[in-house]
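Have a look at the structure below before the remarks.
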2 protein chains.
Amino acid sequence: MKTLELDLGERSYPIHIGTDLVARADLITPHLKGSRVAVVSNETVAPLYMDKLTAGLGRYRPLSIALPDGEQYKTLEVLERIFSALLAAHCDRRTTLIALGGGVVGDMVGFAAACYQRGVPFIQVPTTLLAQVDSSVGGKTGVNHPLGKNMIGAFHQPQCVIIDTETLNTLPDRELSAGIAEVIKYGLIRDEAFIVWLEENMEALLGRDQEVLATAIYRSCEHKAQVVSADEKETGTRALLNFGHTFGHAIETGLGYGKWIHGEAVAAGMIMAASLSQRKGWLNEPDVARIESLSARARLPVRAPVELEPSRLIELMAVDKKVQDGQIRLVLLKAIGHAVLTDDFDIELLTHTLQACRSER
Amino acid sequence: MKTLELDLGERSYPIHIGTDLVARADLITPHLKGSRVAVVSNETVAPLYMDKLTAGLGRYRPLSIALPDGEQYKTLEVLERIFSALLAAHCDRRTTLIALGGGVVGDMVGFAAACYQRGVPFIQVPTTLLAQVDSSVGGKTGVNHPLGKNMIGAFHQPQCVIIDTETLNTLPDRELSAGIAEVIKYGLIRDEAFIVWLEENMEALLGRDQEVLATAIYRSCEHKAQVVSADEKETGTRALLNFGHTFGHAIETGLGYGKWIHGEAVAAGMIMAASLSQRKGWLNEPDVARIESLSARARLPVRAPVELEPSRLIELMAVDKKVQDGQIRLVLLKAIGHAVLTDDFDIELLTHTLQACRSER
């Protein structure tokens with residue numbers, strides 16, 4: 001097991017990465033304040049890991065809650081079910097919530113913890129690659145709104161993050177690839193050497209080599225931790241982690257939540273952002289081809305869904321948390337490994353980019 | 001106009017108290033960050049004060065949102081309507097929300113501000129006495145759950161609080177009395193001299209004497225500000241502000257939200273708490289009689305609704321944010337002007353108290 005620390009002063013916390021950690025109650029109990037835990041998972045993950053996780057927590061009378069599985073259930077309505085279950089079981093302000101699952105579970109449980117009785121502690125036990133390298137770290141929590149992704153939420157940091165790489169053995173291929181999209185993202189925005197490493201290790205990653213997975217996760221979490229500790233509430237550089245996401249969120253909202261999973265939409269979004277960066281003269285053709293090739297090797301989509309017109313995508317992109325006084329702001333690449341947040345692009349150039357990225361060029 | 005400061009370091013803010021302040025855009029504009037404001041009110045208050053408030057804010061393109069009026073609408077469902085209106089109008093992360101109304105509006109808008117795009121600034125313009133002396137100050141925000149009052153929420157401090165005492169001229173008598181309940185509370189928990197003042201000025205308060213109202217509000221806000229700045233997140237002494245509230249919330253939840261309004265339930269709750277304090281030997285008979293008499297003069301209920309059995313009330317009291325490891329904790333009085341938080345009472349003594357306080361002794 002390797003441990004990273006996310007440095008946020010009083011709210012610092014450890015990120016443990018290793019094998020067979022789901023059963024390690026000893027990693028959880030030091031963070032519990034009261035005499036109760038509530039483990040929230042979904043209908044897919046609960047049958048696989050709930051018993052393993054709760055086995056060592058008997059004296060905390062673990063309450064188990066299973067939510068429906070899928071991005072389309074990341075809503076205020078399903079959130080209320082968590083509150084109902086907690087209240088019915090008389091969980092008090094010192095109850096610790098544990099999120100066992102992917103990004104949807106982590107985001108919702110984190111938000112539930114931020115709001116339940118005006119705030120209770122929580123712990124992240126992410127079981128998808130995407131959650132392990134991105135959403136479980138950094139304290140962004142929330143739910144979707146029919147009009148926009150993650151529009152309702154809070155910053156609420158976990159007490160610790162426990163990443164068990166063995167849970168990836170039960171992850172569907174499609175979700176493994178979706179997680180790799182966020183791994184590639186770190187390379188593209190701030191670590192060109194990591195892109196080289198990914199080019200060398202993509203087959204091992206897809207083959208679920210535990211050591212290669214652990215390395216990719218550790219390096220991703222290291223990047224995330226550095227960025228978050230420098231700008232917790234996203235007043236500046238943290239926005240760079242949103243590379244590909246403004247495009248991606250528009251795809252997810254436009255298609256209806258759950259059709260394309262988050263990492264897939266982000267992957268297509270990264271290609272669109274790279275393509276716009278090229279049109280601005282920042283990247284060159286081989287850079288974009290290199291990104292496309294790596295994404296394709298990760299079995300990720302490299303084009304936007306053809307049914308979404310550029311005008312519709314732009315409309316959806318205008319509902320983004322980075323929008324300021326009506327102006328869309330995007331994370332673009334000056335070079336592979338160097339991202340910037342900018343509103344300096346022509347709307348026509350954006351339209352052309354979106355048009356080009358949805359057809360088969 | 002008089003101004004108090006709530007001292008919370010970087011998050012300190014002014015509380016302005018005076019006449020005709022609703023129209024004073026100059027009190028609002030220094031706190032705006034972006035180019036947009038959204039004023040959220042309810043169907044009763046909006047027709048009276050919305051235009052007055054927004055008149056001076058034209059260049060911030062004020063978006064007006066009116067919610068249904070009443071505690072029964074303080075729900076996640078109605079909260080979602082606020083989010084929908086904000087998203088439909090493309091309000092971004094620098095939009096400032098303004099809460100124009102009573103405690104329900106203030107609590108909901110504050111919570112909406114805490115969650116919209118993970119947090120936007122907000123301003124309180126309370127128009128009921130209860131909101132002016134209590135709920136608009138201190139950053140407690142939230143909504144109710146069918147199983148418990150204010151169970152879902154956040155601590156989110158406003159940018160400023162603007163209290164226009166003239167808005168009380170349109171307040172129904174019943175709501176004026178409900179507000180006086182919270183005013184009496186401050187005297188009972190920490191200021192016996194204030195009780196003496198209230199005994200002398202109750203008729204003037206009920207007669208809506210602007211100067212007497214302003215004095216009562218100023219003194220109440222002073223108490224609230226002192227307590228909150230010492231213990232923002234209620235890890236200790238802030239809980240004393242909950243005097244009468246554990247009983248009161250049980251009444252509100254038990255009857256169904258909106259039957260008894262909050263201040264009425266708290267008034268009955270304060271008598272129950274005083275009565276239990278007497279049974280514990282802390283207060284004497286004349287103390288309790290004095291509290292009852294002041295409440296009765298304020299036209300507040302001094303008995304719990306007869307339809308709620310003691311066992312049902314205790315069941316409801318067990319869902320309270322002060323409950324710790326299954327143990328109900330109550331704010332009781334050692335003397336008039338001196339409150340303590342305690343779990344040192346017998347459940348039978350509590351049952352007897354509840355029984356006595358619902359019948360006409």
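By order in the structure tokens, chains are A, B, ...; within a chain, residues start at 1; ligands start at 1, following the order shown.
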With a cut-off of 9 Å and counting only C-alpha atoms, select all residues of chain A in contact with chain B and give the selection as an NGL selection string. :A and (34-36 or 76-77 or 80 or 83-84 or 87-88 or 90-95 or 112 or 114-119 or 140-142 or 145-148 or 150-155 or 233 or 318-326)
Restricted to N, CA and C atoms, what would the selected residues look like written as a short mmCIF file (atom, residue, chain, number, x, y, z; two decimals), in the first residue's frame?
data_model
loop_
_atom_site.label_atom_id
_atom_site.label_comp_id
_atom_site.auth_asym_id
_atom_site.auth_seq_id
_atom_site.Cartn_x
_atom_site.Cartn_y
_atom_site.Cartn_z
N GLY A 34 -18.25 9.36 15.60
CA GLY A 34 -19.36 8.86 16.39
C GLY A 34 -19.36 7.34 16.43
N SER A 35 -20.50 6.78 16.74
CA SER A 35 -20.58 5.34 16.93
C SER A 35 -21.31 4.68 15.76
N ARG A 36 -21.44 5.41 14.64
CA ARG A 36 -22.26 4.89 13.56
C ARG A 36 -21.64 5.18 12.20
N LEU A 76 -31.38 15.25 -7.34
CA LEU A 76 -31.85 15.65 -6.01
C LEU A 76 -32.85 14.64 -5.45
N GLU A 77 -33.64 14.06 -6.34
CA GLU A 77 -34.66 13.10 -5.92
C GLU A 77 -34.03 11.86 -5.27
N GLU A 80 -32.53 12.61 -1.93
CA GLU A 80 -33.50 12.62 -0.82
C GLU A 80 -33.69 11.22 -0.23
N PHE A 83 -31.18 10.78 2.45
CA PHE A 83 -31.59 11.47 3.68
C PHE A 83 -32.67 10.70 4.41
N SER A 84 -33.64 10.18 3.66
CA SER A 84 -34.73 9.43 4.28
C SER A 84 -34.21 8.21 5.03
N LEU A 87 -32.37 9.33 8.19
CA LEU A 87 -33.28 9.81 9.23
C LEU A 87 -34.07 8.66 9.83
N ALA A 88 -34.53 7.75 8.97
CA ALA A 88 -35.31 6.62 9.46
C ALA A 88 -34.48 5.78 10.43
N HIS A 90 -32.23 7.00 12.37
CA HIS A 90 -31.79 7.89 13.44
C HIS A 90 -30.29 8.17 13.42
N CYS A 91 -29.72 8.31 12.24
CA CYS A 91 -28.31 8.65 12.14
C CYS A 91 -28.12 10.10 12.56
N ASP A 92 -27.20 10.36 13.48
CA ASP A 92 -27.04 11.72 13.98
C ASP A 92 -25.88 12.43 13.31
N ARG A 93 -25.55 13.60 13.84
CA ARG A 93 -24.57 14.49 13.23
C ARG A 93 -23.15 13.94 13.30
N ARG A 94 -22.95 12.88 14.07
CA ARG A 94 -21.61 12.30 14.13
C ARG A 94 -21.50 11.00 13.34
N THR A 95 -22.54 10.67 12.60
CA THR A 95 -22.49 9.51 11.70
C THR A 95 -21.51 9.81 10.56
N ALA A 112 -24.46 14.48 -0.02
CA ALA A 112 -25.35 14.13 1.10
C ALA A 112 -24.65 14.43 2.43
N ALA A 114 -22.33 16.62 2.92
CA ALA A 114 -22.21 18.08 3.07
C ALA A 114 -23.49 18.68 3.62
N CYS A 115 -24.63 18.08 3.32
CA CYS A 115 -25.93 18.67 3.66
C CYS A 115 -26.64 18.02 4.83
N TYR A 116 -26.36 16.74 5.12
CA TYR A 116 -27.12 16.06 6.16
C TYR A 116 -26.85 16.72 7.51
N GLN A 117 -27.89 17.20 8.12
CA GLN A 117 -27.77 17.92 9.39
C GLN A 117 -26.70 19.01 9.31
N ARG A 118 -26.61 19.62 8.15
CA ARG A 118 -25.66 20.69 7.83
C ARG A 118 -24.19 20.22 7.85
N GLY A 119 -23.99 18.93 7.63
CA GLY A 119 -22.61 18.48 7.45
C GLY A 119 -22.17 17.37 8.38
N LYS A 140 -15.04 17.86 -4.59
CA LYS A 140 -16.17 18.33 -5.38
C LYS A 140 -17.29 17.31 -5.26
N THR A 141 -18.46 17.75 -4.82
CA THR A 141 -19.59 16.85 -4.67
C THR A 141 -20.80 17.50 -5.33
N GLY A 142 -21.83 16.71 -5.63
CA GLY A 142 -23.02 17.31 -6.19
C GLY A 142 -23.88 16.37 -6.98
N HIS A 145 -28.59 18.54 -12.77
CA HIS A 145 -29.90 19.14 -12.98
C HIS A 145 -30.24 18.87 -14.45
N PRO A 146 -31.52 18.70 -14.78
CA PRO A 146 -31.84 18.44 -16.20
C PRO A 146 -31.21 19.48 -17.14
N LEU A 147 -30.96 20.68 -16.64
CA LEU A 147 -30.40 21.72 -17.49
C LEU A 147 -28.87 21.79 -17.44
N GLY A 148 -28.22 21.01 -16.59
CA GLY A 148 -26.76 21.09 -16.58
C GLY A 148 -26.13 20.14 -15.58
N ASN A 150 -23.71 18.62 -12.74
CA ASN A 150 -23.05 19.05 -11.50
C ASN A 150 -23.37 20.49 -11.13
N MET A 151 -24.58 20.92 -11.42
CA MET A 151 -24.93 22.32 -11.18
C MET A 151 -25.30 22.58 -9.73
N ILE A 152 -25.57 21.51 -8.98
CA ILE A 152 -25.99 21.66 -7.59
C ILE A 152 -25.01 20.85 -6.75
N GLY A 153 -24.31 21.50 -5.84
CA GLY A 153 -23.33 20.75 -5.08
C GLY A 153 -22.62 21.58 -4.05
N ALA A 154 -21.54 21.01 -3.55
CA ALA A 154 -20.78 21.68 -2.50
C ALA A 154 -19.33 21.23 -2.58
N PHE A 155 -18.45 22.03 -2.01
CA PHE A 155 -17.09 21.57 -1.76
C PHE A 155 -17.10 20.94 -0.37
N LYS A 233 -11.05 25.76 -4.01
CA LYS A 233 -12.39 26.16 -4.43
C LYS A 233 -12.48 26.60 -5.90
N ALA A 318 -22.94 26.84 -22.87
CA ALA A 318 -23.14 28.14 -22.21
C ALA A 318 -23.66 27.97 -20.78
N VAL A 319 -24.10 26.73 -20.43
CA VAL A 319 -24.47 26.43 -19.05
C VAL A 319 -23.30 25.67 -18.44
N ASP A 320 -22.29 26.38 -18.02
CA ASP A 320 -21.09 25.76 -17.50
C ASP A 320 -20.64 26.64 -16.35
N LYS A 321 -20.08 26.02 -15.32
CA LYS A 321 -19.71 26.81 -14.14
C LYS A 321 -18.56 27.78 -14.42
N LYS A 322 -17.85 27.57 -15.54
CA LYS A 322 -16.76 28.50 -15.85
C LYS A 322 -17.25 29.74 -16.62
N VAL A 323 -18.51 29.70 -17.07
CA VAL A 323 -19.06 30.86 -17.79
C VAL A 323 -19.03 32.09 -16.87
N GLN A 324 -18.56 33.21 -17.42
CA GLN A 324 -18.49 34.43 -16.62
C GLN A 324 -19.11 35.57 -17.43
N ASP A 325 -20.16 36.17 -16.87
CA ASP A 325 -20.84 37.26 -17.55
C ASP A 325 -21.17 36.91 -19.01
N GLY A 326 -21.70 35.71 -19.19
CA GLY A 326 -22.19 35.30 -20.51
C GLY A 326 -21.14 34.74 -21.45
#
Write out as a compact mmCIF listing (two decimals) with C-alpha atoms, in the first residue's frame each polymer residue whose atoms come within 12 Å of range 19-25 of chain A, counting only C-alpha atoms; drop sequence neighbours fewer than 4 positions from it.
# COMPACT_ATOMS: atom_id res chain seq x y z
CA MET A 1 0.00 0.00 0.00
CA LYS A 2 1.19 3.48 -0.88
CA THR A 3 -0.19 6.61 0.74
CA ILE A 15 -5.18 8.73 -0.12
CA THR A 29 -11.86 3.49 12.04
CA PRO A 30 -9.25 6.15 12.90
CA HIS A 31 -11.43 8.65 11.03
CA LEU A 32 -14.74 7.85 12.74
CA VAL A 37 -21.40 4.52 9.89
CA LEU A 48 -19.72 -7.31 -4.79
CA TYR A 49 -18.12 -5.35 -1.95
CA MET A 50 -20.62 -4.23 0.69
CA ASP A 51 -20.16 -7.24 2.98
CA LYS A 52 -16.40 -7.11 2.64
CA LEU A 53 -16.36 -3.46 3.65
CA THR A 54 -18.80 -3.70 6.54
CA ALA A 55 -17.39 -6.95 7.97
CA GLY A 56 -14.84 -5.15 10.10
CA LEU A 57 -17.16 -2.32 11.10
CA GLY A 58 -19.68 -4.32 13.14
CA ARG A 59 -19.42 -2.23 16.26
CA TYR A 60 -20.38 0.87 14.26
CA PRO A 62 -23.23 -0.11 9.64
CA ILE A 98 -18.91 5.95 3.34
CA ALA A 99 -19.20 6.15 -0.45
CA LEU A 100 -18.60 2.73 -2.01
CA GLY A 101 -18.79 2.90 -5.78
CA ILE A 123 -14.99 8.60 3.42
CA GLN A 124 -14.45 7.72 -0.24
CA VAL A 125 -13.97 4.09 -1.30
CA PRO A 126 -13.97 4.44 -5.10
CA THR A 127 -14.41 1.25 -7.13
CA VAL A 161 -9.78 8.05 0.26
CA ILE A 162 -9.25 4.30 0.06
CA ILE A 163 -8.38 3.01 -3.41
CA ASP A 164 -8.41 -0.76 -3.81
CA THR A 165 -7.01 -1.53 -7.26
CA GLU A 166 -8.45 -5.05 -7.12
CA THR A 167 -11.97 -3.67 -7.43
CA LEU A 168 -11.02 -2.83 -11.01
CA ASN A 169 -11.09 -6.56 -11.80
CA ASP A 209 -1.96 -5.20 -14.72
CA GLN A 210 -2.24 -4.34 -11.01
CA GLU A 211 1.16 -2.70 -10.81
CA LEU A 213 -2.80 0.41 -12.70
CA ALA A 214 -1.40 1.39 -9.29
List the neighbours of range 331-340 of chain B out to 10 Å using only C-alpha atoms; skip same-chain residues closer than 6 positions along the sequence, and give me the result as a PyMOL selection string. chain B and resi 185-195+237+239-246+270+272-278+280-284+287-288+290-291+322
Quick one: residues within 10 Å of Pro68 in chain A, only C-alpha atoms counted, chain neighbours fewer than 2 positions away excluded, as a ChimeraX atom specification? /A:41-44,66,70-74,78,105
Written file, previous selection with N, CA and C atoms, as a PDB file, in the first residue's frame:
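And here is the file that came out, out_33.pdb:
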ATOM      1  N   SER A  41     -23.912   2.688  -1.469  1.00  0.00           N
ATOM      2  CA  SER A  41     -23.351   2.114  -2.678  1.00  0.00           C
ATOM      3  C   SER A  41     -24.438   2.092  -3.752  1.00  0.00           C
ATOM      4  N   ASN A  42     -24.213   1.346  -4.814  1.00  0.00           N
ATOM      5  CA  ASN A  42     -25.298   1.191  -5.790  1.00  0.00           C
ATOM      6  C   ASN A  42     -25.595  -0.297  -5.988  1.00  0.00           C
ATOM      7  N   GLU A  43     -26.646  -0.569  -6.743  1.00  0.00           N
ATOM      8  CA  GLU A  43     -27.137  -1.952  -6.861  1.00  0.00           C
ATOM      9  C   GLU A  43     -26.148  -2.882  -7.562  1.00  0.00           C
ATOM     10  N   THR A  44     -25.193  -2.312  -8.295  1.00  0.00           N
ATOM     11  CA  THR A  44     -24.192  -3.133  -8.969  1.00  0.00           C
ATOM     12  C   THR A  44     -23.023  -3.446  -8.028  1.00  0.00           C
ATOM     13  N   ALA A  66     -28.367   1.144  -0.837  1.00  0.00           N
ATOM     14  CA  ALA A  66     -27.999   0.911  -2.242  1.00  0.00           C
ATOM     15  C   ALA A  66     -28.861   1.778  -3.159  1.00  0.00           C
ATOM     16  N   GLY A  70     -26.228   4.504 -12.153  1.00  0.00           N
ATOM     17  CA  GLY A  70     -26.207   5.237 -13.421  1.00  0.00           C
ATOM     18  C   GLY A  70     -26.268   6.741 -13.224  1.00  0.00           C
ATOM     19  N   GLU A  71     -25.646   7.447 -14.174  1.00  0.00           N
ATOM     20  CA  GLU A  71     -25.582   8.910 -14.122  1.00  0.00           C
ATOM     21  C   GLU A  71     -26.980   9.537 -14.088  1.00  0.00           C
ATOM     22  N   GLN A  72     -27.954   8.855 -14.704  1.00  0.00           N
ATOM     23  CA  GLN A  72     -29.311   9.417 -14.748  1.00  0.00           C
ATOM     24  C   GLN A  72     -29.967   9.445 -13.368  1.00  0.00           C
ATOM     25  N   TYR A  73     -29.341   8.769 -12.384  1.00  0.00           N
ATOM     26  CA  TYR A  73     -29.895   8.775 -11.036  1.00  0.00           C
ATOM     27  C   TYR A  73     -29.160   9.743 -10.106  1.00  0.00           C
ATOM     28  N   LYS A  74     -28.251  10.512 -10.683  1.00  0.00           N
ATOM     29  CA  LYS A  74     -27.508  11.491  -9.872  1.00  0.00           C
ATOM     30  C   LYS A  74     -28.344  12.776  -9.777  1.00  0.00           C
ATOM     31  N   VAL A  78     -33.002  11.329  -5.914  1.00  0.00           N
ATOM     32  CA  VAL A  78     -32.349  10.142  -5.351  1.00  0.00           C
ATOM     33  C   VAL A  78     -31.563  10.540  -4.091  1.00  0.00           C
ATOM     34  N   VAL A 105     -21.832   7.625  -7.239  1.00  0.00           N
ATOM     35  CA  VAL A 105     -22.014   7.363  -5.813  1.00  0.00           C
ATOM     36  C   VAL A 105     -21.169   8.334  -4.988  1.00  0.00           C
TER      37      VAL A 105
END
To test your reading of the structure, identify every residue in range 44-129 of chain B that backbone DSSP assigns to strand (DSSP E or B), and report it as a compact mmCIF listing (two decimals) with C-alpha atoms, in the first residue's frame.
# COMPACT_ATOMS: atom_id res chain seq x y z
CA LEU B 63 -34.24 38.03 -12.04
CA SER B 64 -37.36 37.73 -9.82
CA ILE B 65 -38.45 34.38 -8.45
CA ALA B 66 -41.55 33.93 -6.25
CA LEU B 67 -41.99 30.75 -4.21
CA THR B 96 -25.74 37.08 -6.16
CA LEU B 97 -28.99 35.73 -4.71
CA ILE B 98 -31.12 38.04 -2.56
CA ALA B 99 -33.60 36.53 -0.09
CA LEU B 100 -36.61 38.83 0.33
CA GLY B 101 -39.06 37.41 2.85
CA TYR B 116 -25.87 26.54 -6.80
CA PHE B 122 -26.25 35.89 -1.13
CA ILE B 123 -27.84 38.75 0.78
CA GLN B 124 -30.61 38.58 3.37
CA VAL B 125 -33.47 41.09 3.31
CA PRO B 126 -35.75 39.68 6.03
Based on DSSP run over this structure's backbone, return all residues of range 87-306 of chain A in helix (DSSP H, G or I), as a PyMOL selection string. chain A and resi 87-88+103-115+129-135+165-170+173-190+192-206+210-230+237-242+245-255+262-279+285-297
Separation of CA of Val302 in chain A from CA of Val228 in chain A, in Å and rounded to one decimal: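 These atoms are spaced 28.1 Å apart.
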What separation in Å, quoted to one decimal, exists between CA of Ala38 in chain B and CA of Asp107 in chain B?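 Computing the Euclidean distance for CA of Ala38 in chain B and CA of Asp107 in chain B yields 15.5 Å.
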Between CA of Ala131 in chain B and CA of Leu308 in chain B, distance in Å (one decimal):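 Between CA of Ala131 in chain B and CA of Leu308 in chain B the gap works out to 27.0 Å.
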Identify, on the basis of only C-alpha atoms, every residue whose closest approach to Pro301 in chain B does not exceed 9 Å; exclude the query and any residue fewer than 5 positions from it along the same chain; express the result as a PyMOL selection string. chain B and resi 264-265+267-268+295-296
Restricted to C-alpha atoms, what would the selected residues look like written as a tab-separated table (two decimals), in the first residue's frame?
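Final output, saved to selection.tsv:
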chain	number	residue	atom	x	y	z
B	264	GLU	CA	-45.54	29.60	18.10
B	265	ALA	CA	-44.08	26.13	18.40
B	267	ALA	CA	-42.95	29.59	22.41
B	268	ALA	CA	-44.71	26.45	23.63
B	295	SER	CA	-45.49	34.76	26.43
B	296	ALA	CA	-49.22	35.10	27.00
Do you know which residues are at most 12 Å from Val306 in chain B counting only C-alpha atoms, after dropping those on the same chain fewer than 5 positions away, and could you put them as an mmCIF file with C-alpha atoms, in the first residue's frame?
data_model
loop_
_atom_site.group_PDB
_atom_site.id
_atom_site.type_symbol
_atom_site.label_atom_id
_atom_site.label_comp_id
_atom_site.auth_asym_id
_atom_site.auth_seq_id
_atom_site.Cartn_x
_atom_site.Cartn_y
_atom_site.Cartn_z
ATOM 1 C CA ILE B 251 -44.570 20.102 17.452
ATOM 2 C CA GLY B 254 -45.846 16.237 14.485
ATOM 3 C CA LEU B 255 -48.666 18.532 13.381
ATOM 4 C CA ALA B 268 -44.713 26.447 23.632
ATOM 5 C CA PRO B 301 -49.360 29.693 22.934
ATOM 6 C CA ARG B 312 -45.037 10.857 20.057
ATOM 7 C CA LEU B 313 -43.303 14.104 20.983
ATOM 8 C CA LEU B 354 -44.835 17.000 28.293
ATOM 9 C CA GLN B 355 -48.030 15.613 29.792
ATOM 10 C CA ALA B 356 -48.467 18.608 32.075
ATOM 11 C CA CYS B 357 -47.710 21.121 29.347
ATOM 12 C CA ARG B 358 -50.342 19.896 26.944
ATOM 13 C CA SER B 359 -53.251 19.834 29.350
ATOM 14 C CA GLU B 360 -54.678 22.910 30.979
#
